[in-house]
Every structure is written in structure tokens, then in C-alpha cells.
Amino acid sequence: MSPFPRPRSLLTRILLITEAVLLVCVAGFSWQSLETTEKHLLKAHDNQSLALARFMDAQITGLRQDLDQQMELFGTMQKLIEAAYYASLAGEAQGLKLNLENIVANTFITGIEFVDAQGNMLYSTESGRRKIKSARAKQIEAFAARGRPVNAQLLEENGRLIIFASRGYSFSPANASAKPEVICNAWVNLDSAWAQVMASRTGMSVSLLNNGRVLASSLNAAVGEQWRKPAPLRSDAETLTVTPISQKTDYRVQAIPVSIKREGDAFQLAVGGPLSGIRLEMARSRRFAILLAAIVALIVFGVMAWSLALLTPSFRRLITASQIITRNGPEAFEGLELNPSDPEEVQLLGRNFNSMAAALKERMKTLTDFKAALDEHSIVSIADT
């Protein structure tokens with residue numbers, strides 16, 4: 001016979017229900033902990049992304065200010081520019097070329113070019129520049145050609161972002177109001193190369209958008225994609241979850257408006273990272289939670305088995321004693337043996353059972369004696385008759 005009660009026993013049911021309740025509590029606690037952990041991980045990720053986005057936005061603003069200062073310094077090159085201009089008219093622009101390339105090589109400026117007042121290119125450090133110039137860049141250049149230079153601005157040109165500045169130079173000292181003979185244009189590229197450099201320094205992806213379209217990104221496959229529908233930019237950060245083409249994971253980024261802006265612009269700087277790291281960490285946490293639940297289940301099951309092992313022999317003795325009294329009567333019952341190792345409640349139950357059996361035996365003896373007396377009286381009465 002198995003030492004354990006049948007599954008329908010009350011004790012087994014109580015222990016099984018207790019185990020189920022404990023497992024449900026552990027599962028609920030683990031699930032809540034996982035949700036809390038995921039929220040904390042995402043919040044930490046977003047805070048880091050937002051801090052880096054604001055840092056890079058400040059760098060872009062700094063680049064604009066530096067470019068304006070550099071354009072002011074070009075004023076000291078007045079004589080050189082004038083000499084180079086007249087040399088270019090004679091077909092000798094080599095001196096200007098060397099000086100421009102030297103400036104680009106030793107400053108943060110990506111490119112410099114000089115054009116005359118009629119728009120003819122004297123020289124540009126960027127090949128093909130004659131054909132690449134946005135409408136806004138041309139407008140800025142036109143202001144410079146009328147003697148009204150415009151401070152550096154962030155522009156989209158041919159699918160890329162640049163910080164563009166323009167300033168005119170006049171070579172007629174006798175007439176200070178004369179229109180400039182030469183216009184100097186300078187720019188800084190905020191292209192994918194810049195984004196990749198920033199990404200390598202920060203360990204996060206960097207993207208520049210205009211109206212939600214990616215113009216430059218450290219994720220090469222993301223360039224040209226539409227990450228958000230064109231809409232008025234909010235002043236606070238926007239949390240975007242995107243999946244760039246050919247990428248195997250989603251990216252969670254914080255997108256903020258770029259500080260250099262004018263009416264109608266919708267430039268955004270998006271900084272973030274892949275969700276694969278967070279998902280990997282959550283997978284580890286889920287595995288740990290499952291392992292914890294399994295350990296708790298084994299512990300509870302072990303405690304249940306141990307409890308049943310302690311209680312079962314005592315209950316078996318009680319059951320056996322009751323069967324003896326039922327089949328053979330209380331006279332055949334010699335008393336229930338009590339084990340000091342039994343739980344206190346079981347010992348109390350055993351003592352009460354023995355007391356009950358002794359009282360039952362005494363009453364049965366009294367009844368037996370009374371019956372014998374009645375039987376003897378009945379025989380005498382019949383004899384007299």
C-alpha cells in the first residue's frame with residue numbers, strides 16, 4: 001500500500017492548493033518584476049539617447065557659430081582674395097586653389113568656394129560643386145552678392161544636410177557701398193560620415209532627418225527612409241521605434257528638433273540604439289524567472305511530500321484503530337500507540353482517540369453485564385412458571 005493518501009484526501013488537496021497559490025504568487029511577482037525591469041531598461045536607454053541627442057545638437061550649434069567666426073576671419077584674406085580674383089581673370093587661379101585647400105585641410109570646414117558677382121565659379125574645393133546648390137543656398141548667396149551676408153544656416157542640399165554660410169568681398173575701397181566682386185561660400189557637411197563618427201564615439205546610432213526622411217545616418221540602410229509622417233515638430237523629444245531596411249532588429253531612438261532652424265524647417269536629430277540588447281537582457285530575465293518558479297515548485301513539492309510523510313503514518317494508525325473497533329469491537333482495541341515524533345496535533349488527536357476508545361470499552365462492559373443480568377432473571381422467571 002502506498003504511504004501517501006489517495007489524491008481525494010483533504011490533506012492532499014490542501015497541500016496542492018497551497019502549492020498552486022504559491023506558484024501563482026511567484027509567477028505574478030516574476031511577471032511584475034519583468035515588466036518593471038523592462039520599463040527601467042527602456043527608460044535608461046531613452047535617457048541616455050536623449051542626453052546624447054542634446055549633446056550632438058549643441059555640437060551642431062557650435063559648428064554653426066564656429067563657421068560664422070571663420071567667415072569673419074576670411075576678412076583678413078582681403079588682399080589675397082583680390083589678388084587671386086584678378087589672377088583668375090588672367091587664367092591663373094592656382095594661388096587661390098592652394099590657399100583654399102590649405103584652409104580646408106586645417107579647419108573643420110568641409111568646403112570653400114569663390115564665385116564672382118555674376119555667379120561664375122572661380123574655384124571650389126569640392127568637385128562637381130558647380131551643379132550642386134540648393135535653392136536656399138542660392139538665395140543666401142544672392143543676399144551676399146548684394147552686400148548683405150547671411151549667418152550660417154542648416155540646409156538640405158541634394159539629399160544631404162550642410163551648414164552653409166556666404167559673404168561678399170568688395171575690392172573698391174573708394175566706394176564702400178560697391179557691390180562685391182567676389183562671394184565666398186563655405187559649408188560643413190553633416191552627412192553619414194559625420195553621423196558614423198559620432199556613433200563610433202557614443203556607441204549609439206545617429207541620424208539626421210528632414211520631415212521624417214532620413215538624410216544622413218550611421219545606419220547606411222536607413223538613408224532615404226521615411227521614419228515619421230511629415231508633421232509639425234514637437235518641442236520635446238519623440239520616441240520612435242524603427243526598423244531600417246536590411247536590419248534584423250528594431251531601433252529605439254529619441255528624436256529632437258535641431259536648434260538651427262527657421263520657419264518651415266523640420267530637421268530632427270535621432271539618437272538611439274538597437275532593442276536587441278534590451279530584448280536579450282529580458283530573455284535572460286525570463287529564463288531566470290522560469291528557473292526561479294521551477295525551484296519554488298520543487299521546494300513546495302518537497303515540503304508537501306515531507307509533510308505528508310510525517311502525517312501519513314499517524315493517520316494510518318488512526319484509520320487502522322478505527323477499523324479494529326468497527327470489526328472486532330472496543331474490547332479488541334488495546335490502545336493507539338503514540339509516537340513522540342508525531343506532530344502535537346496528531347498526538348492530541350491520538351490521546352483523545354484512546355480516551356474515547358476506553359470510554360466506549362467501559363460502556364460496552366457495563367452493557368454486557370447488564371444484559372447478562374437480564375438474561376439470568378429471564379431464565380428464573382420461566383422456571384417458576
# chains A, B, ... in the order shown; residues from 1 in each chain; ligands from 1

$ select_by_dssp --residues "range 264-307 of chain A" --states "helix (DSSP H, G or I)" --output "VMD selection string"
chain A and resid 276 to 307

$ write_last_selection --atoms "N, CA, C and O atoms" --output "short mmCIF file (atom, residue, chain, number, x, y, z; two decimals), in the first residue's frame"
data_model
loop_
_atom_site.label_atom_id
_atom_site.label_comp_id
_atom_site.auth_asym_id
_atom_site.auth_seq_id
_atom_site.Cartn_x
_atom_site.Cartn_y
_atom_site.Cartn_z
N SER A 276 17.87 44.98 -29.50
CA SER A 276 18.30 43.60 -29.33
C SER A 276 18.96 43.40 -27.97
O SER A 276 18.78 42.36 -27.32
N GLY A 277 19.73 44.40 -27.51
CA GLY A 277 20.39 44.26 -26.21
C GLY A 277 19.37 44.17 -25.08
O GLY A 277 19.50 43.34 -24.18
N ILE A 278 18.36 45.05 -25.14
CA ILE A 278 17.32 45.02 -24.10
C ILE A 278 16.53 43.73 -24.18
O ILE A 278 16.21 43.11 -23.15
N ARG A 279 16.22 43.29 -25.40
CA ARG A 279 15.47 42.03 -25.54
C ARG A 279 16.29 40.84 -25.07
O ARG A 279 15.74 39.89 -24.49
N LEU A 280 17.59 40.87 -25.30
CA LEU A 280 18.45 39.79 -24.81
C LEU A 280 18.46 39.77 -23.29
O LEU A 280 18.38 38.70 -22.67
N GLU A 281 18.54 40.96 -22.71
CA GLU A 281 18.52 41.04 -21.24
C GLU A 281 17.18 40.57 -20.69
O GLU A 281 17.13 39.86 -19.67
N MET A 282 16.09 40.91 -21.37
CA MET A 282 14.77 40.47 -20.92
C MET A 282 14.63 38.96 -21.08
O MET A 282 13.98 38.30 -20.25
N ALA A 283 15.21 38.39 -22.15
CA ALA A 283 15.16 36.94 -22.33
C ALA A 283 15.90 36.24 -21.18
O ALA A 283 15.44 35.22 -20.66
N ARG A 284 17.05 36.81 -20.79
CA ARG A 284 17.77 36.25 -19.64
C ARG A 284 16.92 36.34 -18.38
O ARG A 284 16.87 35.39 -17.58
N SER A 285 16.26 37.47 -18.20
CA SER A 285 15.41 37.65 -17.01
C SER A 285 14.24 36.67 -17.02
O SER A 285 13.88 36.12 -15.97
N ARG A 286 13.66 36.43 -18.20
CA ARG A 286 12.54 35.48 -18.27
C ARG A 286 13.02 34.06 -17.95
O ARG A 286 12.32 33.31 -17.25
N ARG A 287 14.20 33.71 -18.48
CA ARG A 287 14.73 32.39 -18.16
C ARG A 287 14.99 32.25 -16.67
O ARG A 287 14.73 31.21 -16.06
N PHE A 288 15.51 33.31 -16.06
CA PHE A 288 15.75 33.29 -14.62
C PHE A 288 14.43 33.15 -13.86
O PHE A 288 14.36 32.42 -12.86
N ALA A 289 13.38 33.86 -14.32
CA ALA A 289 12.08 33.78 -13.65
C ALA A 289 11.50 32.37 -13.75
O ALA A 289 10.94 31.84 -12.78
N ILE A 290 11.64 31.76 -14.93
CA ILE A 290 11.14 30.38 -15.10
C ILE A 290 11.91 29.43 -14.20
O ILE A 290 11.34 28.54 -13.56
N LEU A 291 13.23 29.61 -14.14
CA LEU A 291 14.05 28.77 -13.27
C LEU A 291 13.66 28.97 -11.81
O LEU A 291 13.56 28.00 -11.04
N LEU A 292 13.43 30.23 -11.42
CA LEU A 292 13.02 30.51 -10.05
C LEU A 292 11.69 29.85 -9.73
O LEU A 292 11.52 29.25 -8.65
N ALA A 293 10.72 29.93 -10.68
CA ALA A 293 9.42 29.29 -10.45
C ALA A 293 9.57 27.78 -10.33
O ALA A 293 8.91 27.14 -9.50
N ALA A 294 10.43 27.21 -11.15
CA ALA A 294 10.65 25.75 -11.08
C ALA A 294 11.27 25.37 -9.73
O ALA A 294 10.88 24.37 -9.12
N ILE A 295 12.24 26.17 -9.26
CA ILE A 295 12.87 25.88 -7.97
C ILE A 295 11.85 25.99 -6.84
O ILE A 295 11.78 25.13 -5.94
N VAL A 296 11.02 27.05 -6.90
CA VAL A 296 9.99 27.21 -5.87
C VAL A 296 9.01 26.05 -5.91
O VAL A 296 8.60 25.52 -4.85
N ALA A 297 8.63 25.61 -7.13
CA ALA A 297 7.72 24.48 -7.25
C ALA A 297 8.33 23.21 -6.65
O ALA A 297 7.64 22.46 -5.94
N LEU A 298 9.60 22.98 -6.91
CA LEU A 298 10.27 21.80 -6.35
C LEU A 298 10.35 21.89 -4.82
O LEU A 298 10.14 20.89 -4.12
N ILE A 299 10.66 23.10 -4.31
CA ILE A 299 10.73 23.26 -2.86
C ILE A 299 9.38 23.02 -2.22
O ILE A 299 9.26 22.29 -1.21
N VAL A 300 8.34 23.62 -2.82
CA VAL A 300 6.99 23.45 -2.27
C VAL A 300 6.57 21.98 -2.35
O VAL A 300 6.00 21.43 -1.40
N PHE A 301 6.87 21.34 -3.48
CA PHE A 301 6.53 19.93 -3.62
C PHE A 301 7.29 19.08 -2.60
O PHE A 301 6.73 18.14 -2.02
N GLY A 302 8.56 19.43 -2.38
CA GLY A 302 9.34 18.70 -1.38
C GLY A 302 8.77 18.87 0.01
O GLY A 302 8.68 17.90 0.78
N VAL A 303 8.39 20.12 0.35
CA VAL A 303 7.79 20.37 1.66
C VAL A 303 6.48 19.62 1.80
O VAL A 303 6.17 19.05 2.86
N MET A 304 5.69 19.59 0.71
CA MET A 304 4.42 18.87 0.74
C MET A 304 4.66 17.37 0.95
O MET A 304 4.00 16.74 1.78
N ALA A 305 5.63 16.82 0.21
CA ALA A 305 5.93 15.40 0.37
C ALA A 305 6.44 15.10 1.77
O ALA A 305 6.07 14.08 2.38
N TRP A 306 7.28 15.98 2.30
CA TRP A 306 7.80 15.79 3.66
C TRP A 306 6.67 15.86 4.69
O TRP A 306 6.62 15.05 5.63
N SER A 307 5.75 16.82 4.50
CA SER A 307 4.62 16.95 5.41
C SER A 307 3.73 15.71 5.35
O SER A 307 3.28 15.20 6.40
#

$ residues_around --residues "Gly111 in chain A" --least-positions-apart "3" --cutoff "9 Å" --atoms "only C-alpha atoms" --output "VMD selection string"
chain A and resid 100 to 101 104 124 to 126 185 to 189

$ residues_around --residues "range 344-350 of chain A" --least-positions-apart "2" --cutoff "12 Å" --atoms "only C-alpha atoms" --output "VMD selection string"
chain A and resid 310 to 319 321 to 322 335 to 342 352 to 357

$ closest_residue --among "A:Ala309, A:Ile17, A:Leu367, A:Ala270" --to "Ala51 in chain A" --atoms "only C-alpha atoms"
A:Ala270

$ select_by_dssp --residues "range 114-151 of chain A" --states "strand (DSSP E or B)" --output "list in words"
Phe114, Val115, Asp116, Met121, Leu122, Tyr123, Ser124, Val150 and Asn151 of chain A

$ write_last_selection --atoms "C-alpha atoms" --output "CSV table (one decimal), in the first residue's frame"
chain,number,residue,atom,x,y,z
A,114,PHE,CA,34.7,81.6,-54.6
A,115,VAL,CA,32.4,82.9,-57.3
A,116,ASP,CA,32.2,86.3,-58.9
A,121,MET,CA,32.8,79.8,-60.3
A,122,LEU,CA,36.4,80.8,-59.6
A,123,TYR,CA,37.3,77.8,-57.6
A,124,SER,CA,35.7,75.2,-55.3
A,150,VAL,CA,23.6,85.8,-44.0
A,151,ASN,CA,24.7,83.9,-41.0

$ decode --residues "range 232-268 of chain A" --atoms "N, CA and C atoms" --output "CSV table (one decimal), in the first residue's frame"
chain,number,residue,atom,x,y,z
A,232,PRO,N,4.1,68.9,-38.0
A,232,PRO,CA,4.8,69.9,-37.2
A,232,PRO,C,5.6,69.3,-36.0
A,233,LEU,N,6.8,69.7,-35.9
A,233,LEU,CA,7.7,69.1,-34.9
A,233,LEU,C,7.2,69.6,-33.5
A,234,ARG,N,7.3,68.6,-32.6
A,234,ARG,CA,7.0,69.0,-31.2
A,234,ARG,C,8.3,69.6,-30.6
A,235,SER,N,8.1,70.3,-29.5
A,235,SER,CA,9.3,70.9,-28.9
A,235,SER,C,10.1,69.9,-28.0
A,236,ASP,N,9.4,68.9,-27.6
A,236,ASP,CA,10.0,67.9,-26.7
A,236,ASP,C,10.5,66.7,-27.6
A,237,ALA,N,11.1,65.8,-26.9
A,237,ALA,CA,11.6,64.6,-27.7
A,237,ALA,C,10.5,63.7,-28.1
A,238,GLU,N,10.7,63.0,-29.2
A,238,GLU,CA,9.8,62.0,-29.6
A,238,GLU,C,10.5,60.6,-29.6
A,239,THR,N,9.8,59.7,-29.1
A,239,THR,CA,10.3,58.3,-29.0
A,239,THR,C,9.9,57.6,-30.3
A,240,LEU,N,10.8,57.1,-31.1
A,240,LEU,CA,10.5,56.4,-32.3
A,240,LEU,C,11.1,55.0,-32.3
A,241,THR,N,10.3,54.0,-32.7
A,241,THR,CA,10.8,52.7,-32.8
A,241,THR,C,10.8,52.3,-34.3
A,242,VAL,N,11.9,52.2,-34.9
A,242,VAL,CA,12.0,52.0,-36.4
A,242,VAL,C,12.8,50.7,-36.7
A,243,THR,N,12.6,50.2,-37.9
A,243,THR,CA,13.3,49.0,-38.4
A,243,THR,C,13.9,49.4,-39.7
A,244,PRO,N,15.2,49.9,-39.7
A,244,PRO,CA,15.8,50.2,-41.0
A,244,PRO,C,15.9,49.0,-42.0
A,245,ILE,N,15.9,49.3,-43.3
A,245,ILE,CA,16.0,48.2,-44.3
A,245,ILE,C,17.2,47.4,-44.0
A,246,SER,N,17.1,46.1,-44.2
A,246,SER,CA,18.2,45.1,-44.1
A,246,SER,C,18.7,45.0,-42.6
A,247,GLN,N,18.0,45.6,-41.7
A,247,GLN,CA,18.4,45.5,-40.3
A,247,GLN,C,17.6,44.4,-39.6
A,248,LYS,N,18.2,43.6,-38.7
A,248,LYS,CA,17.5,42.5,-38.1
A,248,LYS,C,16.8,42.8,-36.8
A,249,THR,N,16.9,44.0,-36.4
A,249,THR,CA,16.3,44.4,-35.1
A,249,THR,C,15.8,45.8,-35.2
A,250,ASP,N,14.8,46.1,-34.3
A,250,ASP,CA,14.3,47.4,-34.2
A,250,ASP,C,15.3,48.4,-33.5
A,251,TYR,N,15.1,49.6,-33.8
A,251,TYR,CA,15.9,50.7,-33.2
A,251,TYR,C,15.0,51.6,-32.4
A,252,ARG,N,15.3,51.9,-31.2
A,252,ARG,CA,14.5,52.8,-30.4
A,252,ARG,C,15.4,54.1,-30.3
A,253,VAL,N,14.8,55.2,-30.8
A,253,VAL,CA,15.6,56.4,-30.9
A,253,VAL,C,14.8,57.6,-30.2
A,254,GLN,N,15.5,58.6,-29.8
A,254,GLN,CA,15.0,59.8,-29.3
A,254,GLN,C,15.2,60.9,-30.3
A,255,ALA,N,14.2,61.4,-30.9
A,255,ALA,CA,14.3,62.4,-32.0
A,255,ALA,C,13.9,63.8,-31.4
A,256,ILE,N,14.8,64.8,-31.6
A,256,ILE,CA,14.6,66.1,-31.1
A,256,ILE,C,14.8,67.1,-32.3
A,257,PRO,N,14.1,68.2,-32.3
A,257,PRO,CA,14.3,69.2,-33.3
A,257,PRO,C,15.7,69.8,-33.2
A,258,VAL,N,16.4,70.0,-34.3
A,258,VAL,CA,17.7,70.6,-34.3
A,258,VAL,C,17.5,72.1,-34.0
A,259,SER,N,18.4,72.6,-33.2
A,259,SER,CA,18.3,74.0,-32.7
A,259,SER,C,18.4,75.0,-33.9
A,260,ILE,N,19.3,74.7,-34.9
A,260,ILE,CA,19.4,75.6,-36.0
A,260,ILE,C,18.2,75.4,-36.9
A,261,LYS,N,17.3,76.4,-36.9
A,261,LYS,CA,16.1,76.2,-37.7
A,261,LYS,C,15.6,77.6,-38.1
A,262,ARG,N,14.7,77.6,-39.0
A,262,ARG,CA,13.9,78.7,-39.5
A,262,ARG,C,12.5,78.3,-39.8
A,263,GLU,N,11.6,79.2,-40.0
A,263,GLU,CA,10.3,78.8,-40.3
A,263,GLU,C,10.1,77.9,-41.5
A,264,GLY,N,9.4,76.8,-41.3
A,264,GLY,CA,9.3,75.8,-42.4
A,264,GLY,C,10.2,74.7,-42.3
A,265,ASP,N,11.3,74.8,-41.5
A,265,ASP,CA,12.3,73.7,-41.4
A,265,ASP,C,11.7,72.6,-40.5
A,266,ALA,N,12.1,71.4,-40.7
A,266,ALA,CA,11.6,70.3,-39.9
A,266,ALA,C,12.8,69.3,-39.7
A,267,PHE,N,13.9,69.8,-39.3
A,267,PHE,CA,15.1,69.0,-39.1
A,267,PHE,C,15.1,68.3,-37.7
A,268,GLN,N,15.4,67.1,-37.7
A,268,GLN,CA,15.5,66.3,-36.5
A,268,GLN,C,16.8,65.6,-36.3
